[in-house]
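Novice: Next comes the structure file structure33.tsv, holding TSV, C-alpha atoms.
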```tsv
chain	number	residue	atom	x	y	z
A	1	MET	CA	3.49	-22.42	-7.71
A	2	GLU	CA	4.80	-18.92	-8.34
A	3	GLU	CA	3.28	-15.51	-8.90
A	4	VAL	CA	4.69	-12.41	-10.58
A	5	VAL	CA	4.76	-9.41	-8.24
A	6	ARG	CA	6.60	-6.12	-7.77
A	7	TYR	CA	9.01	-5.37	-4.93
A	8	THR	CA	9.65	-1.65	-4.44
A	9	TYR	CA	12.71	-0.16	-2.74
A	10	ARG	CA	13.89	3.33	-1.97
A	11	LEU	CA	16.82	4.70	-3.98
A	12	ARG	CA	19.34	7.28	-2.81
A	13	PRO	CA	20.99	8.66	-5.97
A	14	GLY	CA	23.72	11.24	-5.74
A	15	ALA	CA	23.72	14.51	-7.65
A	16	THR	CA	25.49	12.96	-10.68
A	17	ALA	CA	23.20	9.92	-10.79
A	18	GLU	CA	20.06	12.05	-10.41
A	19	ALA	CA	21.17	14.33	-13.24
A	20	ALA	CA	21.74	11.26	-15.44
A	21	LEU	CA	18.27	9.89	-14.61
A	22	LEU	CA	16.61	13.22	-15.42
A	23	ALA	CA	18.54	13.48	-18.70
A	24	GLU	CA	17.42	9.97	-19.65
A	25	TRP	CA	13.86	10.86	-18.75
A	26	GLY	CA	14.08	13.90	-21.06
A	27	ARG	CA	14.96	11.64	-24.00
A	28	CYS	CA	12.23	9.12	-23.18
A	29	ARG	CA	9.67	11.89	-22.76
A	30	TRP	CA	10.60	13.28	-26.19
A	31	LEU	CA	10.07	9.85	-27.73
A	32	TRP	CA	6.67	9.51	-26.05
A	33	ASN	CA	5.56	12.89	-27.36
A	34	GLU	CA	6.81	11.99	-30.83
A	35	ALA	CA	4.75	8.78	-30.73
A	36	VAL	CA	1.67	10.82	-29.76
A	37	HIS	CA	2.34	13.12	-32.70
A	38	GLN	CA	2.61	10.10	-35.02
A	39	TYR	CA	-0.86	8.96	-33.98
A	40	LYS	CA	-2.43	12.41	-34.27
A	41	THR	CA	-1.16	12.76	-37.84
A	42	GLY	CA	-2.85	9.48	-38.79
A	43	ARG	CA	0.25	7.29	-39.23
A	44	LYS	CA	-1.03	4.49	-36.93
A	45	PRO	CA	2.16	3.92	-34.94
A	46	THR	CA	2.60	0.28	-33.93
A	47	PHE	CA	5.49	-0.84	-31.77
A	48	GLY	CA	7.29	-2.20	-34.82
A	49	LYS	CA	7.00	1.11	-36.70
A	50	LEU	CA	8.06	3.08	-33.64
A	51	SER	CA	11.10	0.84	-33.13
A	52	LYS	CA	12.15	1.45	-36.73
A	53	LEU	CA	11.74	5.20	-36.29
A	54	LEU	CA	13.82	5.01	-33.09
A	55	THR	CA	16.66	3.28	-34.94
A	56	GLU	CA	16.63	5.98	-37.62
A	57	ALA	CA	16.44	8.79	-35.04
A	58	ARG	CA	19.38	7.39	-33.04
A	59	ALA	CA	21.44	7.23	-36.24
A	60	ARG	CA	20.78	10.93	-36.90
A	61	SER	CA	20.88	12.35	-33.33
A	62	SER	CA	23.88	12.08	-31.04
A	63	TRP	CA	21.65	13.31	-28.20
A	64	LEU	CA	19.54	10.16	-28.41
A	65	ARG	CA	22.59	7.93	-28.80
A	66	GLU	CA	23.88	9.19	-25.45
A	67	GLY	CA	20.93	7.52	-23.73
A	68	SER	CA	20.07	3.90	-23.14
A	69	GLN	CA	18.37	2.16	-26.06
A	70	VAL	CA	16.72	-0.27	-23.62
A	71	ALA	CA	14.97	2.53	-21.71
A	72	GLN	CA	13.90	4.20	-24.96
A	73	GLN	CA	12.47	0.97	-26.37
A	74	GLN	CA	10.59	0.35	-23.13
A	75	THR	CA	9.06	3.83	-23.41
A	76	LEU	CA	7.76	3.04	-26.88
A	77	ARG	CA	6.51	-0.37	-25.75
A	78	THR	CA	4.63	1.29	-22.89
A	79	TYR	CA	3.09	3.77	-25.32
A	80	ALA	CA	1.98	1.01	-27.72
A	81	LEU	CA	0.39	-0.89	-24.82
A	82	ALA	CA	-1.38	2.27	-23.58
A	83	LEU	CA	-2.69	2.93	-27.09
A	84	GLN	CA	-3.94	-0.65	-27.36
A	85	HIS	CA	-5.72	-0.41	-24.00
A	86	SER	CA	-7.40	2.85	-25.02
A	87	PHE	CA	-9.40	0.89	-27.62
A	88	LYS	CA	-10.25	-2.06	-25.36
A	89	VAL	CA	-10.75	-0.58	-21.88
A	90	LYS	CA	-13.91	1.46	-21.43
A	91	GLY	CA	-13.24	5.03	-20.35
A	92	ARG	CA	-9.52	4.87	-21.17
A	93	GLY	CA	-8.49	7.82	-23.31
A	94	ARG	CA	-5.76	8.02	-25.92
A	95	PRO	CA	-2.20	8.64	-24.71
A	96	ARG	CA	-1.49	12.33	-24.26
A	97	PRO	CA	1.77	14.31	-24.45
A	98	LYS	CA	3.91	14.42	-21.33
A	99	ARG	CA	4.83	17.93	-20.25
A	100	ARG	CA	7.93	18.41	-18.17
A	101	LYS	CA	6.28	20.60	-15.53
A	102	ASP	CA	3.45	18.21	-14.65
A	103	THR	CA	4.81	14.71	-15.40
A	104	LEU	CA	6.97	12.74	-12.98
A	105	PRO	CA	10.02	10.84	-14.31
A	106	SER	CA	9.55	7.13	-14.97
A	107	LEU	CA	12.08	4.84	-16.70
A	108	GLY	CA	11.78	1.16	-17.55
A	109	TYR	CA	14.66	-1.31	-18.02
A	110	THR	CA	14.60	-4.97	-19.00
A	111	VAL	CA	17.14	-7.46	-17.70
A	112	ARG	CA	19.57	-6.41	-20.45
A	113	GLY	CA	19.64	-2.83	-19.19
A	114	PHE	CA	20.44	-3.16	-15.48
A	115	SER	CA	22.27	-5.28	-12.95
A	116	ILE	CA	22.70	-5.52	-9.18
A	117	ARG	CA	26.27	-5.62	-7.92
A	118	ASP	CA	27.55	-5.03	-4.42
A	119	GLN	CA	24.01	-4.21	-3.26
A	120	ARG	CA	23.84	-1.33	-5.77
A	121	LEU	CA	21.70	-0.84	-8.85
A	122	ARG	CA	23.81	-0.35	-11.99
A	123	LEU	CA	22.25	1.30	-15.04
A	124	PRO	CA	23.63	2.05	-18.53
A	125	GLY	CA	26.06	4.93	-18.80
A	126	GLY	CA	27.97	4.02	-15.64
A	127	VAL	CA	25.15	5.13	-13.32
A	128	THR	CA	25.37	3.44	-9.91
A	129	ILE	CA	22.66	4.03	-7.30
A	130	PRO	CA	22.56	2.79	-3.67
A	131	VAL	CA	19.39	0.86	-2.79
A	132	VAL	CA	17.71	0.69	0.63
A	133	TRP	CA	17.18	-3.08	0.82
A	134	SER	CA	14.27	-3.24	3.27
A	135	ARG	CA	13.75	-6.94	2.40
A	136	GLU	CA	15.39	-9.57	0.24
A	137	LEU	CA	14.36	-10.19	-3.34
A	138	PRO	CA	12.61	-13.58	-3.66
A	139	SER	CA	14.19	-14.18	-7.08
A	140	ALA	CA	16.31	-12.53	-9.73
A	141	PRO	CA	14.37	-9.56	-11.18
A	142	THR	CA	13.35	-9.60	-14.84
A	143	SER	CA	12.75	-5.86	-15.18
A	144	VAL	CA	12.78	-2.70	-13.13
A	145	ARG	CA	10.99	0.65	-13.23
A	146	ILE	CA	12.75	3.70	-11.83
A	147	TYR	CA	10.42	6.53	-10.86
A	148	GLN	CA	10.26	9.68	-8.75
A	149	ASP	CA	7.36	10.64	-6.49
A	150	THR	CA	5.88	14.08	-5.88
A	151	ILE	CA	8.33	14.99	-3.11
A	152	GLY	CA	11.47	14.06	-5.05
A	153	HIS	CA	12.16	10.58	-3.67
A	154	TRP	CA	13.37	7.94	-6.13
A	155	TYR	CA	12.19	4.32	-6.10
A	156	ALA	CA	13.00	1.09	-7.94
A	157	SER	CA	10.16	-1.36	-8.60
A	158	PHE	CA	11.51	-4.82	-9.49
A	159	VAL	CA	9.40	-7.49	-11.22
A	160	VAL	CA	10.14	-10.81	-9.50
A	161	ARG	CA	8.61	-14.26	-9.03
A	162	ARG	CA	7.41	-15.19	-5.56
A	163	ASP	CA	6.67	-18.67	-4.28
A	164	THR	CA	3.00	-19.12	-3.39
A	165	THR	CA	3.44	-22.32	-1.41
A	166	PRO	CA	1.41	-22.01	1.83
A	167	ALA	CA	3.35	-21.38	5.02
A	168	PRO	CA	4.02	-24.29	7.41
A	169	ASP	CA	1.00	-25.45	9.35
A	170	VAL	CA	0.54	-23.99	12.81
A	171	GLU	CA	-2.08	-24.24	15.49
A	172	GLY	CA	-4.06	-21.61	17.29
A	173	ALA	CA	-6.61	-18.94	16.50
A	174	ILE	CA	-6.77	-15.23	17.18
A	175	GLY	CA	-9.42	-12.54	17.05
A	176	VAL	CA	-8.65	-8.94	16.09
A	177	ASP	CA	-10.69	-5.90	17.14
A	178	TRP	CA	-9.79	-2.49	15.72
A	179	GLY	CA	-9.64	0.67	17.77
A	180	VAL	CA	-8.09	4.10	18.08
A	181	THR	CA	-6.39	4.04	21.48
A	182	THR	CA	-4.89	0.64	20.56
A	183	THR	CA	-4.85	0.08	16.81
A	184	ALA	CA	-5.45	-3.68	17.05
A	185	THR	CA	-6.57	-5.48	20.22
A	186	THR	CA	-6.33	-9.27	20.01
A	187	THR	CA	-7.37	-12.18	22.17
A	188	ASP	CA	-3.71	-12.58	23.14
A	189	PRO	CA	-2.18	-9.37	24.58
A	190	ALA	CA	1.23	-10.38	23.21
A	191	TYR	CA	-0.03	-9.71	19.65
A	192	ASP	CA	-1.61	-6.29	20.21
A	193	LEU	CA	-0.67	-3.49	17.84
A	194	PRO	CA	-0.28	-0.32	19.94
A	195	HIS	CA	-1.02	3.15	18.66
A	196	LEU	CA	2.50	4.51	18.12
A	197	GLY	CA	1.45	8.01	17.01
A	198	HIS	CA	3.99	8.68	14.28
A	199	ARG	CA	2.06	11.66	12.96
A	200	LYS	CA	1.54	13.06	16.44
A	201	ARG	CA	5.28	12.93	17.07
A	202	CYS	CA	5.96	15.27	14.15
A	203	ALA	CA	2.83	17.40	14.64
A	204	ALA	CA	4.73	20.34	16.16
A	205	GLU	CA	7.19	20.56	13.28
A	206	LEU	CA	4.41	20.10	10.77
A	207	ALA	CA	2.39	22.93	12.34
A	208	LYS	CA	5.47	25.16	12.16
A	209	LEU	CA	5.83	24.47	8.44
A	210	GLN	CA	2.15	25.06	7.82
A	211	ARG	CA	2.34	28.44	9.54
A	212	ARG	CA	5.30	29.29	7.38
A	213	MET	CA	3.29	28.32	4.29
A	214	ALA	CA	0.40	30.52	5.46
A	215	ARG	CA	2.71	33.53	5.88
A	216	ARG	CA	4.26	33.07	2.45
A	217	ARG	CA	1.09	32.23	0.55
A	218	ARG	CA	0.39	34.60	-2.30
A	219	SER	CA	-2.94	35.56	-3.78
A	220	LYS	CA	-4.66	33.30	-6.27
A	221	GLY	CA	-3.20	33.41	-9.76
A	222	VAL	CA	0.24	34.62	-8.60
A	223	THR	CA	3.27	32.35	-8.93
A	224	PRO	CA	4.17	30.98	-5.45
A	225	SER	CA	7.48	32.02	-3.95
A	226	ASN	CA	10.45	29.67	-3.52
A	227	GLY	CA	10.10	29.94	0.25
A	228	TYR	CA	6.49	28.75	0.08
A	229	LEU	CA	7.46	25.84	-2.17
A	230	ARG	CA	10.28	24.81	0.17
A	231	ALA	CA	7.95	24.81	3.19
A	232	LYS	CA	5.35	22.83	1.23
A	233	HIS	CA	7.97	20.28	0.20
A	234	GLN	CA	9.21	19.83	3.78
A	235	ALA	CA	5.66	19.38	5.09
A	236	ALA	CA	4.99	16.73	2.45
A	237	LYS	CA	8.17	14.88	3.43
A	238	LEU	CA	7.06	14.77	7.07
A	239	ALA	CA	3.67	13.35	6.15
A	240	LYS	CA	5.28	10.78	3.86
A	241	LYS	CA	7.70	9.68	6.56
A	242	ALA	CA	4.89	9.08	9.05
A	243	ALA	CA	2.92	7.10	6.47
A	244	ARG	CA	5.93	4.89	5.72
A	245	GLN	CA	6.45	4.23	9.43
A	246	ASN	CA	2.82	3.15	9.81
A	247	THR	CA	3.14	0.83	6.83
A	248	HIS	CA	6.31	-0.73	8.24
A	249	ASP	CA	4.75	-1.32	11.66
A	250	ALA	CA	1.67	-2.90	10.05
A	251	ARG	CA	3.81	-5.28	8.00
A	252	VAL	CA	5.90	-6.41	10.96
A	253	TRP	CA	2.81	-6.94	13.12
A	254	ALA	CA	0.87	-8.79	10.40
A	255	LYS	CA	3.78	-11.14	9.76
A	256	LYS	CA	3.99	-11.96	13.46
A	257	VAL	CA	0.27	-12.74	13.66
A	258	VAL	CA	0.15	-14.81	10.47
A	259	ASP	CA	3.23	-16.88	11.30
A	260	ASN	CA	1.76	-18.10	14.59
A	261	HIS	CA	-1.97	-18.64	13.96
A	262	ALA	CA	-3.97	-20.89	11.66
A	263	THR	CA	-7.28	-19.03	12.03
A	264	ILE	CA	-7.48	-15.25	12.01
A	265	ALA	CA	-10.82	-13.63	12.80
A	266	VAL	CA	-10.75	-9.99	11.70
A	267	GLU	CA	-13.35	-7.37	12.48
A	268	ASP	CA	-14.71	-6.17	9.15
A	269	PHE	CA	-14.36	-2.56	10.24
A	270	THR	CA	-14.50	0.35	7.78
A	271	PRO	CA	-13.00	3.44	9.44
A	272	THR	CA	-14.19	5.97	6.86
A	273	PHE	CA	-16.87	7.41	9.15
A	274	LEU	CA	-14.18	8.37	11.68
A	275	ALA	CA	-12.98	11.04	9.23
A	276	LYS	CA	-16.11	13.05	10.08
A	277	SER	CA	-15.77	12.69	13.85
A	278	ARG	CA	-13.66	14.45	16.44
A	279	MET	CA	-11.29	11.45	16.37
A	280	ALA	CA	-10.42	11.99	12.70
A	281	ARG	CA	-6.81	13.03	13.29
A	282	LYS	CA	-6.05	10.20	15.70
A	283	ALA	CA	-7.84	7.67	13.51
A	284	ALA	CA	-5.74	8.73	10.53
A	285	ASP	CA	-2.61	8.35	12.63
A	286	ALA	CA	-3.66	4.81	13.63
A	287	ALA	CA	-3.91	3.75	9.93
A	288	ILE	CA	-6.47	1.03	10.68
A	289	GLY	CA	-7.25	0.45	7.02
A	290	ALA	CA	-3.61	-0.17	6.10
A	291	ALA	CA	-3.09	-2.60	8.98
A	292	LYS	CA	-6.28	-4.50	8.15
A	293	ARG	CA	-5.38	-4.75	4.48
A	294	GLU	CA	-1.87	-5.99	5.25
A	295	LEU	CA	-3.13	-8.62	7.70
A	296	ILE	CA	-5.72	-10.00	5.28
A	297	ASN	CA	-3.33	-10.12	2.32
A	298	ARG	CA	-0.59	-11.85	4.27
A	299	GLY	CA	-3.01	-14.32	5.79
A	300	MET	CA	-4.45	-15.30	2.42
A	301	ARG	CA	-1.00	-15.68	0.86
A	302	ALA	CA	0.15	-17.90	3.72
A	303	GLY	CA	-2.89	-20.16	3.36
A	304	ARG	CA	-4.41	-19.22	6.71
A	305	ARG	CA	-8.13	-19.22	7.36
A	306	VAL	CA	-9.08	-15.55	7.42
A	307	VAL	CA	-12.66	-14.72	8.41
A	308	LEU	CA	-14.17	-11.23	8.23
A	309	VAL	CA	-16.68	-10.73	11.04
A	310	PRO	CA	-19.07	-7.75	10.96
A	311	PRO	CA	-18.63	-5.42	13.93
A	312	ALA	CA	-22.36	-5.29	14.81
A	313	TYR	CA	-23.00	-6.12	18.50
A	314	THR	CA	-19.48	-7.49	19.10
A	315	THR	CA	-18.86	-4.87	21.79
A	316	MET	CA	-22.24	-5.52	23.43
A	317	THR	CA	-21.90	-9.34	23.58
A	318	CYS	CA	-20.30	-11.07	26.56
A	319	SER	CA	-17.42	-13.32	25.53
A	320	GLN	CA	-18.10	-15.71	28.45
A	321	CYS	CA	-21.85	-16.42	28.33
A	322	GLY	CA	-22.87	-14.82	25.02
A	323	THR	CA	-25.45	-12.48	26.57
A	324	ARG	CA	-25.99	-9.27	24.68
A	325	ALA	CA	-26.24	-6.03	26.63
A	326	LYS	CA	-29.47	-4.09	26.31
A	327	HIS	CA	-27.79	-0.73	25.77
A	328	ARG	CA	-24.87	0.33	23.64
A	329	LEU	CA	-21.64	1.20	25.39
A	330	GLY	CA	-20.40	4.75	24.96
A	331	LEU	CA	-16.88	5.35	23.74
A	332	GLY	CA	-15.95	6.62	27.20
A	333	VAL	CA	-16.76	3.23	28.78
A	334	ARG	CA	-13.59	1.18	28.43
A	335	VAL	CA	-14.56	-1.77	30.68
A	336	PHE	CA	-17.23	-4.32	29.75
A	337	ARG	CA	-19.35	-5.73	32.58
A	338	CYS	CA	-21.87	-8.51	31.99
A	339	ASP	CA	-25.01	-8.24	34.14
A	340	THR	CA	-25.77	-11.96	33.69
A	341	CYS	CA	-22.53	-13.75	34.61
A	342	GLY	CA	-20.60	-10.85	36.13
A	343	HIS	CA	-17.73	-11.16	33.64
A	344	THR	CA	-15.50	-8.06	33.56
A	345	ALA	CA	-12.89	-7.40	30.89
A	346	CYS	CA	-11.40	-4.71	28.71
A	347	ARG	CA	-13.97	-3.51	26.22
A	348	ASP	CA	-11.82	-4.21	23.16
A	349	ARG	CA	-10.47	-7.51	24.53
A	350	ASN	CA	-13.99	-8.78	25.10
A	351	ALA	CA	-14.93	-7.78	21.53
A	352	ALA	CA	-11.89	-9.61	20.13
A	353	ARG	CA	-12.89	-12.80	21.95
A	354	THR	CA	-16.45	-12.46	20.67
A	355	ILE	CA	-15.15	-12.03	17.11
A	356	LEU	CA	-13.03	-15.17	17.46
A	357	ALA	CA	-15.97	-17.18	18.80
A	358	THR	CA	-18.10	-16.01	15.87
A	359	ALA	CA	-15.45	-17.07	13.34
A	360	GLU	CA	-14.99	-20.49	14.92
A	361	ARG	CA	-18.71	-21.13	14.67
A	362	GLY	CA	-18.84	-19.94	11.08
A	363	ARG	CA	-22.21	-18.20	11.50
A	364	ALA	CA	-23.08	-14.86	13.01
A	365	GLY	CA	-26.53	-15.17	14.51
A	366	ALA	CA	-26.96	-14.27	18.17
A	367	ASP	CA	-27.74	-17.88	19.14
A	368	ASP	CA	-24.73	-19.16	17.20
A	369	VAL	CA	-22.40	-16.75	19.01
A	370	ARG	CA	-23.80	-17.86	22.35
A	371	HIS	CA	-23.38	-21.55	21.49
A	372	ALA	CA	-19.85	-21.03	20.19
A	373	ILE	CA	-18.81	-19.20	23.35
A	374	THR	CA	-20.30	-21.92	25.56
A	375	SER	CA	-18.61	-24.71	23.60
A	376	SER	CA	-15.23	-22.98	23.65
A	377	ARG	CA	-15.52	-22.39	27.38
A	378	ASP	CA	-16.33	-26.09	27.97
A	379	GLY	CA	-13.20	-27.13	26.07
A	380	ARG	CA	-14.96	-28.60	23.03
A	381	LEU	CA	-13.99	-27.40	19.57
A	382	VAL	CA	-16.80	-26.09	17.38
A	383	ARG	CA	-16.70	-27.32	13.80
A	384	SER	CA	-16.72	-24.36	11.44
A	385	GLU	CA	-18.09	-24.16	7.94
A	386	PRO	CA	-15.37	-24.32	5.25
A	387	GLU	CA	-13.84	-21.07	3.96
A	388	ILE	CA	-16.31	-18.34	4.83
A	389	PRO	CA	-14.59	-15.12	3.72
A	390	ARG	CA	-17.22	-12.74	5.09
A	391	LEU	CA	-19.88	-13.46	7.67
A	392	PRO	CA	-23.34	-11.83	7.75
A	393	ALA	CA	-24.21	-9.36	10.46
A	394	MET	CA	-25.10	-10.70	13.90
A	395	GLY	CA	-28.83	-11.12	14.42
A	396	LYS	CA	-29.49	-11.54	10.65
A	397	ARG	CA	-30.06	-14.93	9.09
```
Can you turn what I pasted into structure tokens?
Specialist:
Amino acid sequence: MEEVVRYTYRLRPGATAEAALLAEWGRCRWLWNEAVHQYKTGRKPTFGKLSKLLTEARARSSWLREGSQVAQQQTLRTYALALQHSFKVKGRGRPRPKRRKDTLPSLGYTVRGFSIRDQRLRLPGGVTIPVVWSRELPSAPTSVRIYQDTIGHWYASFVVRRDTTPAPDVEGAIGVDWGVTTTATTTDPAYDLPHLGHRKRCAAELAKLQRRMARRRRSKGVTPSNGYLRAKHQAAKLAKKAARQNTHDARVWAKKVVDNHATIAVEDFTPTFLAKSRMARKAADAAIGAAKRELINRGMRAGRRVVLVPPAYTTMTCSQCGTRAKHRLGLGVRVFRCDTCGHTACRDRNAARTILATAERGRAGADDVRHAITSSRDGRLVRSEPEIPRLPAMGKR
């Protein structure tokens, strides 16, 4: 089986190519605004009517003829689809005009309007753009969307078909516990995801730019200076770079975990409350949510058994005997000690093993965790219930 997905890559256009893209965007934006005007005047513009008007306009205007007809038709097709959705989707408003100062460029091309040669993207008008191929395309693309983000970076989003055949069968299971000091602590230390601190590494330069912005900030209602805008742009680029590095690390780590384990027990941890704590900056740098999302998505696509285990009492439960501690462990206590069996282990490692034992059992009651841990320790496999995507909290039936 196959699925239709988008693969996005970074583009590095030169000055000539960027000027050509912006000029093409100017033509497509004019067509969009003209289509909006057609609707406001009561002419009911369908895609067929808009295509006919485009043919007539290109015959009259040499400015439109200089652009790609494929990109212009795709703009009108996108408008017709947006207008159709505005009547069917609740809360979706009618398409509005696109102003140059507050709308980012976005161009669409079908397979007739682009090609890939010598690892470069070739567009109509002799425009050739280098592509940063971070991964291989799974199939020949059927369309592409070229767009620019808020900090001026260009991207190409290809529509491709990806094989959904499950990955080869493997053996083994792993439990994942999320944290701040170590982003992901697993039952096997070889698969831990360390906290690499990409944002912390550029914190000094970012603080310098923020001070520069503060010095050059003008009063409210006054047009900001070019120096302030340059500093703001550079600060945004630093933040974007750190975010991309976190995403890359999460993808590499998730692929390594999924390729080598059949069962993946993931702590169903929601790190939003950390934004209000004194660990907010470090928690944001760890990007726990992005790593968790990438691991779950890859595991489901590969056909692995992914189980979400609630974090309640996982830190307080001994992974050897299943005894629950009577008091919660403070964040400063990094070593777990069981008063019943004397087991001593890293706090997060013990939680990861408890999460794995809970997933293997398939239930999350306190007695079930204790039985699963005992059975695993005795060398007997515990039969799990089939496909449980999310387990209830421990201690609740």
Novice: Of the candidates A:Asp163, A:Asp249, A:Glu2, A:Asp268, which shows the shortest atom-to-atom distance to Ala287 (chain A), using all atoms listed in the file?
Specialist: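 Result for the nearest residue to Ala287 (chain A): A:Asp249.
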Novice: Tell me which protein, DNA and RNA residues are within 12 Å of Ile116 (chain A), counting all atoms listed in the file, leaving out same-chain ones fewer than 5 positions away, and put them as a list in words.
Specialist: Val111, Leu121, Arg122, Leu123, Val127, Thr128, Ile129, Pro130, Val131, Trp133, Leu137, Ala140, Pro141, Thr142, Ser143, Val144, Ala156 and Phe158 of chain A
Novice: Of the residues A:Thr110, A:Thr247, A:Thr340, A:Thr315, which is the one nearest to Leu295 (chain A), using only C-alpha atoms?
Specialist: A:Thr247
Novice: Using CA of Val266 (chain A) and CA of Lys240 (chain A) as the two end points, give the distance in Å to one decimal.
Specialist: 27.4 Å
Novice: Given the choices A:Leu238, A:Cys341, A:Ala312, A:Ala283, which gets closest to Gly197 (chain A) if the distance is worked out from only C-alpha atoms?
Specialist: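 Looking at the shortest contact to Gly197 (chain A), the residue is A:Ala283.
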Novice: Taking (0.7, -22.5, -0.9) in the file's coordinates as the center, which residues reach within 7 Å of it, counting only C-alpha atoms, put as an MDAnalysis selection string?
Specialist: chainID A and resid 164:167 302:303
Novice: CA of Ala275 (chain A) and CA of Ala203 (chain A), how far apart in Å?
Specialist: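 Between CA of Ala203 (chain A) and CA of Ala275 (chain A) the gap is 17.9 Å.
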Novice: Output as JSON lines one row per residue of region 79-156 of chain A within 10 Å of region 36-56 of chain A: the closest atom pair and its distance in Å to one decimal place, counting all atoms listed in the file, sorted by chain and residue number ascending.
Specialist:
```
{"residue": "A:Tyr79", "atom": "CA", "partner": "A:Phe47", "partner_atom": "CA", "distance": 8.3}
{"residue": "A:Ala80", "atom": "CA", "partner": "A:Phe47", "partner_atom": "CA", "distance": 5.7}
{"residue": "A:Leu81", "atom": "CA", "partner": "A:Phe47", "partner_atom": "CA", "distance": 8.6}
{"residue": "A:Leu83", "atom": "CA", "partner": "A:Thr46", "partner_atom": "CA", "distance": 9.0}
{"residue": "A:Gln84", "atom": "CA", "partner": "A:Thr46", "partner_atom": "CA", "distance": 9.3}
{"residue": "A:Arg94", "atom": "CA", "partner": "A:Val36", "partner_atom": "CA", "distance": 8.8}
{"residue": "A:Pro95", "atom": "CA", "partner": "A:Val36", "partner_atom": "CA", "distance": 6.7}
{"residue": "A:Arg96", "atom": "CA", "partner": "A:Val36", "partner_atom": "CA", "distance": 6.5}
{"residue": "A:Pro97", "atom": "CA", "partner": "A:Val36", "partner_atom": "CA", "distance": 6.4}
{"residue": "A:Lys98", "atom": "CA", "partner": "A:Val36", "partner_atom": "CA", "distance": 9.4}
```
Novice: Can you work out which one of A:Lys88, A:Tyr9, A:Glu360, A:Arg112 has the shortest atom-to-atom distance to Gln73 (chain A), counting all atoms listed in the file?
Specialist: A:Arg112
Novice: List the spatial neighbours of Glu18 (chain A) as an NGL selection string - criterion: any atom at most 12 Å away, all atoms listed in the file, same-chain residues fewer than 6 positions off excluded.
Specialist: :A and (11-12 or 24-25 or 105 or 123 or 127-130 or 146-148 or 152-155)
Novice: What does the distance from CA of Ile296 (chain A) to CA of Thr263 (chain A) come to in Å, to one decimal?
Specialist: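 Distance reported for this atom pair: 11.4 Å.
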Novice: Using all atoms listed in the file for the distances, tell me which of A:His198, A:Thr187, A:Leu229, A:Ala286 is nearest to Asp348 (chain A).
Specialist: A:Thr187
Novice: Name the closest residue to Ser134 (chain A) among the candidates A:Arg77, A:Lys255, A:Gly227, A:Thr8; distances are taken between atoms, counting all atoms listed in the file.
Specialist: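 Closest residue, counting all atoms listed in the file: A:Thr8.
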